[in-house]
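Peer 1: Take this structure, written in structure tokens, and hold onto it; I'll ask about it next.
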Number of protein chains: 2
Amino acid sequence: MLSKNQIKFIQSLQQKKHRNETGCFVAEGNKLVADLAPVFDCEWLIATDEWLAQHPFLTAKQTITANKEELRKAGGLTTPQDAIAVFRKPKYEFSATDLKGRLTLAVDRIQDPGNLGTIIRLADWFGIENILCSPDTVDLYNPKTVQATMGALARVKVHYLPLDQLLESHPEIPVYGTFLDGDDMYQTELTAEGIIIMGNEGNGISPEIEPLVTKRLYIPNFPEGRETSESLNVAIATAIVCAEFRRRIRQ
Amino acid sequence: MLSKNQIKFIQSLQQKKHRNETGCFVAEGNKLVADLAPVFDCEWLIATDEWLAQHPFLTAKQTITANKEELRKAGGLTTPQDAIAVFRKPKYEFSATDLKGRLTLAVDRIQDPGNLGTIIRLADWFGIENILCSPDTVDLYNPKTVQATMGALARVKVHYLPLDQLLESHPEIPVYGTFLDGDDMYQTELTAEGIIIMGNEGNGISPEIEPLVTKRLYIPNFPEGRETSESLNVAIATAIVCAEFRRRIRQ
């Protein structure tokens with residue numbers, strides 16, 4: 001059974017302030033909990049009897065049996081789930097050597113949690129191990145972000161750090177960004193090592209970061225020159241760019 | 001000034017039932033309203049004095065000046081906007097000749113309004129003029145869908161129709177779909193004419209439609225064979241596939 005105080009604690013993790021204070025985050029959903037529980041330190045694993053019986057190998061500091069009504073109260077989703085977990089946020093180290101010889105994604109002030117989660121999911125698909133976030137990017141542990149990763153959170157390491165400082169101290173690493181006045185991506189050399197920067201939903205890459213981009217790319221629309229949407233959603237643009245980097249390397 | 005009844009009417013358009021009854025839909029947001037108003041029949045254009053002064057050429061059956069508080073009450077967004085409009089839903093004809101010589105997107109039971117809106121936006125970018133939706137796909141005029149199109153709704157025609165019947169009666173048109181056991185998309189011939197079918201978020205392409213897919217594609221992950229996310233978000237997969245179709249045709 002879930003106590004009132006436990007429900008209150010879980011609900012409080014919807015807010016960044018409480019996640020920061022406690023070092024915890026919450027994941028909700030049958031598949032998501034099953035995907036994350038083997039990877040992260042699990043404080044509380046809260047689920048129905050049936051669900052726990054179906055997942056006998058998951059471990060947690062405390063396993064709590066709850067009914068659907070308690071799970072609904074504790075959770076933030078409209079469709080109540082069979083499992084919710086409170087995890088400890090992992091601590092990842094990131095050093096500049098992690099940039100060497102591989103592709104890294106960086107996001108600059110992305111505000112929509114669904115966009116960040118979707119980007120983490122696609123980074124996983126394309127074998128991108130690290131995502132760097134400017135400090136003012138939406139919180140990775142926002143429940144909507146966690147949800148949108150669909151479990152990819154367990155495989156991609158996300159780091160918050162001042163992007164400009166990092167880029168300034170590593171001028172040897174190619175830095176890619178997409179711009180409406182960039183060069184046709186399909187006509188540009190794409191390297192196996194580099195950082196791809198994706199900017200804010202409404203405003204793109206910030207003025208401090210833009211001068212540090214060494215390769216300005218453009219995703220051509222079709223037919224070229226046609227009047228069309230002014231831009232693509234940021235997660236969509238990230239996907240198209242990452243897919244092309246990976247296609248080239250495979251050839 | 002917006003009357004209570006007007007506010008109530010606008011709010012009612014958040015629901016599909018009322019949109020169907022009235023044949024109207026609502027769009028909210030400074031840029032969105034400015035993009036859609038020249039294209040669709042506008043019943044009510046509701047905006048602040050300042051906004052109306054900035055957009056002197058927009059016409060509507062009725063133009064209503066409202067203050068921020070009234071706009072907030074009528075609207076569905078957390079951040080109140082300067083403009084809201086009630087439009088009449090357009091009626092588009094679709095015939096099989098519209099499939100000839102071009103690429104068409106079809107979505108099979110997509111449920112998330114944001115995903116549908118994002119797909120409409122990227123279809124616009126890639127010059128896809130028609131999107132076919134299975135009748136049980138989320139409503140195009142859901143305010144979240146309208147929002148996510150970012151105005152692309154004004155340029156892409158969306159049709160709801162029984163996909164299986166259409167495909168069965170046009171076996172000459174190549175039908176593409178993505179599957180985890182499909183052929184590497186980058187190793188497959190992609191034609192300038194065809195229908196790309198994208199399936200439901202959780203369940204993919206439905207069992208009735210699957211046998212009608214003539215070219216089963218796979219978006220390879222990287223490095224191939226690595227354990228990764230089981231799938232990509234449907235809008236992300238649509239984008240990667242459309243980008244590749246357009247890259248080929250351009251070469």
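Ligands are numbered from 1 in the order shown, chains are lettered A, B, ... in the order of the structure tokens, and residues start at 1 in each chain.
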If you count only C-alpha atoms, which residues fall within 12 Å of region 48-58 of chain A, apart from same-chain ones fewer than 4 positions away, as number ranges by chain?

Peer 2: A: 1-2, 29-31, 33-44, 62-72, 80-85

Peer 1: Using only C-alpha atoms and a distance of at most 8 Å, pull out the residues of chain B that contact chain A, as a CSV table (one decimal) with N, CA, C and O atoms, in the first residue's frame.

Peer 2:
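The resulting file, iface.csv, is shown below:
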```csv
chain,number,residue,atom,x,y,z
B,118,THR,N,3.3,17.5,-36.5
B,118,THR,CA,4.7,17.5,-36.9
B,118,THR,C,4.9,16.9,-38.2
B,118,THR,O,5.7,17.3,-39.0
B,121,ARG,N,3.8,19.3,-40.9
B,121,ARG,CA,4.8,20.3,-41.0
B,121,ARG,C,6.0,19.8,-41.9
B,121,ARG,O,6.5,20.5,-42.8
B,122,LEU,N,6.4,18.6,-41.6
B,122,LEU,CA,7.6,18.1,-42.4
B,122,LEU,C,7.2,17.7,-43.8
B,122,LEU,O,8.0,17.8,-44.8
B,124,ASP,N,5.1,19.4,-45.6
B,124,ASP,CA,5.2,20.7,-46.3
B,124,ASP,C,6.7,21.0,-46.7
B,124,ASP,O,6.9,21.4,-47.8
B,125,TRP,N,7.6,20.8,-45.8
B,125,TRP,CA,9.0,21.0,-46.0
B,125,TRP,C,9.5,20.2,-47.2
B,125,TRP,O,10.2,20.7,-48.1
B,126,PHE,N,9.0,19.0,-47.3
B,126,PHE,CA,9.5,18.1,-48.4
B,126,PHE,C,8.5,18.0,-49.6
B,126,PHE,O,8.6,17.1,-50.4
B,127,GLY,N,7.7,19.0,-49.7
B,127,GLY,CA,6.8,19.1,-50.9
B,127,GLY,C,5.9,18.0,-51.1
B,127,GLY,O,5.6,17.6,-52.3
B,150,MET,N,2.4,24.4,-37.2
B,150,MET,CA,3.0,25.7,-37.3
B,150,MET,C,2.7,26.4,-38.6
B,150,MET,O,3.5,27.0,-39.3
B,151,GLY,N,1.4,26.2,-39.0
B,151,GLY,CA,0.9,26.9,-40.2
B,151,GLY,C,1.0,26.0,-41.5
B,151,GLY,O,0.4,26.4,-42.5
B,152,ALA,N,1.6,24.9,-41.5
B,152,ALA,CA,1.8,24.0,-42.7
B,152,ALA,C,0.4,23.5,-43.1
B,152,ALA,O,0.2,23.2,-44.3
B,155,ARG,N,-0.9,24.6,-46.3
B,155,ARG,CA,-0.3,24.2,-47.6
B,155,ARG,C,-0.4,22.8,-47.9
B,155,ARG,O,-0.3,22.4,-49.1
B,186,TYR,N,18.6,2.4,-47.3
B,186,TYR,CA,19.6,3.0,-48.1
B,186,TYR,C,20.1,2.1,-49.2
B,186,TYR,O,20.9,2.5,-50.1
B,221,ASN,N,19.8,1.3,-37.7
B,221,ASN,CA,20.4,1.9,-36.6
B,221,ASN,C,21.9,1.9,-36.7
B,221,ASN,O,22.5,1.5,-37.7
B,222,PHE,N,22.6,2.4,-35.7
B,222,PHE,CA,24.1,2.6,-35.8
B,222,PHE,C,24.7,2.3,-34.5
B,222,PHE,O,24.3,2.9,-33.5
B,223,PRO,N,25.8,1.6,-34.4
B,223,PRO,CA,26.3,0.7,-35.4
B,223,PRO,C,25.3,-0.5,-35.6
B,223,PRO,O,24.6,-0.8,-34.6
B,228,THR,N,19.7,-1.2,-28.9
B,228,THR,CA,19.3,0.2,-28.9
B,228,THR,C,17.8,0.3,-28.6
B,228,THR,O,17.2,-0.7,-28.2
B,229,SER,N,17.3,1.5,-28.7
B,229,SER,CA,15.9,1.7,-28.6
B,229,SER,C,15.2,0.8,-29.6
B,229,SER,O,15.7,0.5,-30.7
B,231,SER,N,12.6,1.3,-31.4
B,231,SER,CA,12.0,2.0,-32.5
B,231,SER,C,12.2,3.5,-32.4
B,231,SER,O,12.8,3.9,-31.4
B,232,LEU,N,11.8,4.2,-33.4
B,232,LEU,CA,11.9,5.6,-33.4
B,232,LEU,C,10.5,6.2,-33.3
B,232,LEU,O,9.5,5.5,-33.7
B,233,ASN,N,10.4,7.4,-32.8
B,233,ASN,CA,9.1,8.1,-32.8
B,233,ASN,C,8.6,8.1,-34.2
B,233,ASN,O,9.4,8.3,-35.1
B,235,ALA,N,7.0,10.3,-36.0
B,235,ALA,CA,7.2,11.6,-36.8
B,235,ALA,C,8.7,11.6,-37.2
B,235,ALA,O,9.1,12.0,-38.3
B,236,ILE,N,9.6,11.1,-36.3
B,236,ILE,CA,11.0,11.1,-36.6
B,236,ILE,C,11.3,10.1,-37.7
B,236,ILE,O,12.0,10.4,-38.7
B,239,ALA,N,10.2,11.6,-41.0
B,239,ALA,CA,11.2,12.6,-41.5
B,239,ALA,C,12.4,11.9,-42.2
B,239,ALA,O,12.8,12.4,-43.2
B,240,ILE,N,12.9,10.9,-41.5
B,240,ILE,CA,14.1,10.3,-42.1
B,240,ILE,C,13.8,9.6,-43.4
B,240,ILE,O,14.6,9.7,-44.4
B,243,ALA,N,13.1,12.5,-46.1
B,243,ALA,CA,14.4,13.1,-46.4
B,243,ALA,C,15.2,12.3,-47.4
B,243,ALA,O,15.8,12.8,-48.4
B,246,ARG,N,13.7,12.3,-50.9
B,246,ARG,CA,13.9,13.6,-51.6
B,246,ARG,C,15.4,13.7,-52.0
B,246,ARG,O,15.7,14.3,-53.0
B,247,ARG,N,16.3,13.2,-51.2
B,247,ARG,CA,17.7,13.2,-51.5
B,247,ARG,C,18.0,12.4,-52.8
B,247,ARG,O,18.7,12.9,-53.7
```

Peer 1: Could you please write out, as a VMD selection string, every residue of region 3-168 of chain A that DSSP assigns to strand (DSSP E)?

Peer 2: chain A and resid 24 to 28 42 to 47 62 to 65 83 to 88 103 to 107 130 to 133 157 to 160

Peer 1: Would you save the residues of that selection, restricted to C-alpha atoms, as an mmCIF file, in the first residue's frame?

Peer 2:
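New file out.cif:
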```cif
data_model
loop_
_atom_site.group_PDB
_atom_site.id
_atom_site.type_symbol
_atom_site.label_atom_id
_atom_site.label_comp_id
_atom_site.auth_asym_id
_atom_site.auth_seq_id
_atom_site.Cartn_x
_atom_site.Cartn_y
_atom_site.Cartn_z
ATOM 1 C CA CYS A 24 15.566 11.644 -7.433
ATOM 2 C CA PHE A 25 13.306 11.388 -10.456
ATOM 3 C CA VAL A 26 10.180 9.442 -11.249
ATOM 4 C CA ALA A 27 9.404 7.139 -14.167
ATOM 5 C CA GLU A 28 5.939 5.889 -14.921
ATOM 6 C CA CYS A 42 15.860 2.317 -7.734
ATOM 7 C CA GLU A 43 14.639 3.738 -4.434
ATOM 8 C CA TRP A 44 11.006 2.720 -4.718
ATOM 9 C CA LEU A 45 9.504 0.266 -7.144
ATOM 10 C CA ILE A 46 5.744 0.651 -6.911
ATOM 11 C CA ALA A 47 3.518 -1.660 -8.892
ATOM 12 C CA GLN A 62 11.942 -0.793 -1.376
ATOM 13 C CA THR A 63 9.300 -2.629 -3.381
ATOM 14 C CA ILE A 64 5.775 -1.448 -2.725
ATOM 15 C CA THR A 65 2.617 -3.174 -3.881
ATOM 16 C CA ALA A 83 4.235 0.545 -12.365
ATOM 17 C CA ILE A 84 5.942 3.694 -11.128
ATOM 18 C CA ALA A 85 9.519 3.953 -9.893
ATOM 19 C CA VAL A 86 11.555 6.520 -8.046
ATOM 20 C CA PHE A 87 15.155 6.454 -9.223
ATOM 21 C CA ARG A 88 18.273 8.196 -8.046
ATOM 22 C CA LEU A 103 29.750 12.067 -33.050
ATOM 23 C CA THR A 104 28.251 14.013 -30.135
ATOM 24 C CA LEU A 105 24.981 15.902 -29.990
ATOM 25 C CA ALA A 106 24.606 19.227 -28.214
ATOM 26 C CA VAL A 107 21.340 21.013 -27.541
ATOM 27 C CA ASN A 130 26.651 11.596 -25.177
ATOM 28 C CA ILE A 131 24.301 14.552 -25.393
ATOM 29 C CA LEU A 132 25.513 17.901 -24.101
ATOM 30 C CA CYS A 133 22.887 20.388 -22.923
ATOM 31 C CA LYS A 157 24.462 9.917 -21.195
ATOM 32 C CA VAL A 158 23.162 13.469 -20.898
ATOM 33 C CA HIS A 159 25.385 16.210 -19.480
ATOM 34 C CA TYR A 160 24.561 19.822 -18.605
#
```

Peer 1: Please compute the CA of Gln14 (chain B)-CA of Pro143 (chain B) distance, one decimal, in Å.

Peer 2: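 So the answer is 6.3 Å.
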
Peer 1: To test your reading of the structure, identify every residue in region 2-58 of chain A that backbone DSSP assigns to alpha helix (DSSP H), and report it as a ChimeraX atom specification.

Peer 2: /A:4-12,16-22,30-36,49-54

Peer 1: CA of Ile110 (chain A) and CA of Ile205 (chain A), how far apart in Å?

Peer 2: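 About the pair CA of Ile205 (chain A) and CA of Ile110 (chain A): they are 9.6 Å apart.
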
Peer 1: For Thr191 (chain B), find every residue with an atom within 9 Å (counting only C-alpha atoms), except residues of its own chain fewer than 2 positions away, and show them as a tab-separated table (two decimals) with N, CA and C atoms, in the first residue's frame.

Peer 2:
```tsv
chain	number	residue	atom	x	y	z
B	102	ARG	N	3.82	11.28	-58.06
B	102	ARG	CA	4.32	12.02	-56.90
B	102	ARG	C	4.32	11.16	-55.64
B	103	LEU	N	4.92	11.72	-54.61
B	103	LEU	CA	5.00	11.04	-53.33
B	103	LEU	C	3.84	11.50	-52.46
B	174	PRO	N	3.44	2.01	-55.98
B	174	PRO	CA	4.30	1.40	-54.95
B	174	PRO	C	3.88	1.90	-53.55
B	189	GLU	N	15.75	0.65	-53.86
B	189	GLU	CA	15.33	1.65	-54.84
B	189	GLU	C	14.11	2.39	-54.30
B	193	GLU	N	7.29	8.13	-57.49
B	193	GLU	CA	5.85	7.97	-57.25
B	193	GLU	C	5.64	6.89	-56.20
B	194	GLY	N	4.78	7.16	-55.26
B	194	GLY	CA	4.50	6.12	-54.26
B	194	GLY	C	3.79	6.68	-53.06
B	245	PHE	N	13.95	9.94	-49.55
B	245	PHE	CA	13.26	9.96	-50.84
B	245	PHE	C	13.63	11.23	-51.62
B	248	ARG	N	17.34	11.28	-52.96
B	248	ARG	CA	17.53	10.44	-54.14
B	248	ARG	C	17.06	11.14	-55.41
B	249	ILE	N	15.90	11.75	-55.31
B	249	ILE	CA	15.29	12.36	-56.49
B	249	ILE	C	16.12	13.55	-56.96
```

Peer 1: Neighbouring residues of Lys215 (chain B) were defined as those with any atom within 9 Å, considering only C-alpha atoms; residues of the same chain fewer than 5 positions away were excluded. Please report them as a list in words.

Peer 2: Pro174, Val175, Tyr176, Gly177, Thr178, Gly182, Asp183 and Thr188 of chain B

Peer 1: For the residues selected in the previous step, produce a file with C-alpha atoms as a short mmCIF file (atom, residue, chain, number, x, y, z; two decimals), in the first residue's frame.

Peer 2:
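And here's out31.cif as it stands now:
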```
data_model
loop_
_atom_site.label_atom_id
_atom_site.label_comp_id
_atom_site.auth_asym_id
_atom_site.auth_seq_id
_atom_site.Cartn_x
_atom_site.Cartn_y
_atom_site.Cartn_z
CA PRO B 174 4.30 1.40 -54.95
CA VAL B 175 3.44 1.33 -51.24
CA TYR B 176 6.29 1.85 -48.75
CA GLY B 177 6.21 1.12 -45.04
CA THR B 178 8.84 0.83 -42.32
CA GLY B 182 12.36 -4.49 -43.67
CA ASP B 183 15.17 -3.93 -46.18
CA THR B 188 16.59 -0.05 -51.71
#
```

Peer 1: If you measure from CA of Val138 (chain B) to CA of Leu116 (chain B), what distance in Å do you get, rounded to one decimal?

Peer 2: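 Those two atoms sit 7.6 Å apart.
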
Peer 1: Can you pull out the residues contacting Leu166 (chain A)? Cut-off 10 Å, using only C-alpha atoms, and skip same-chain residues under 4 positions away; I want them as JSON, numbers by chain.

Peer 2: {"A": [95, 96, 132, 161, 162, 170, 171]}
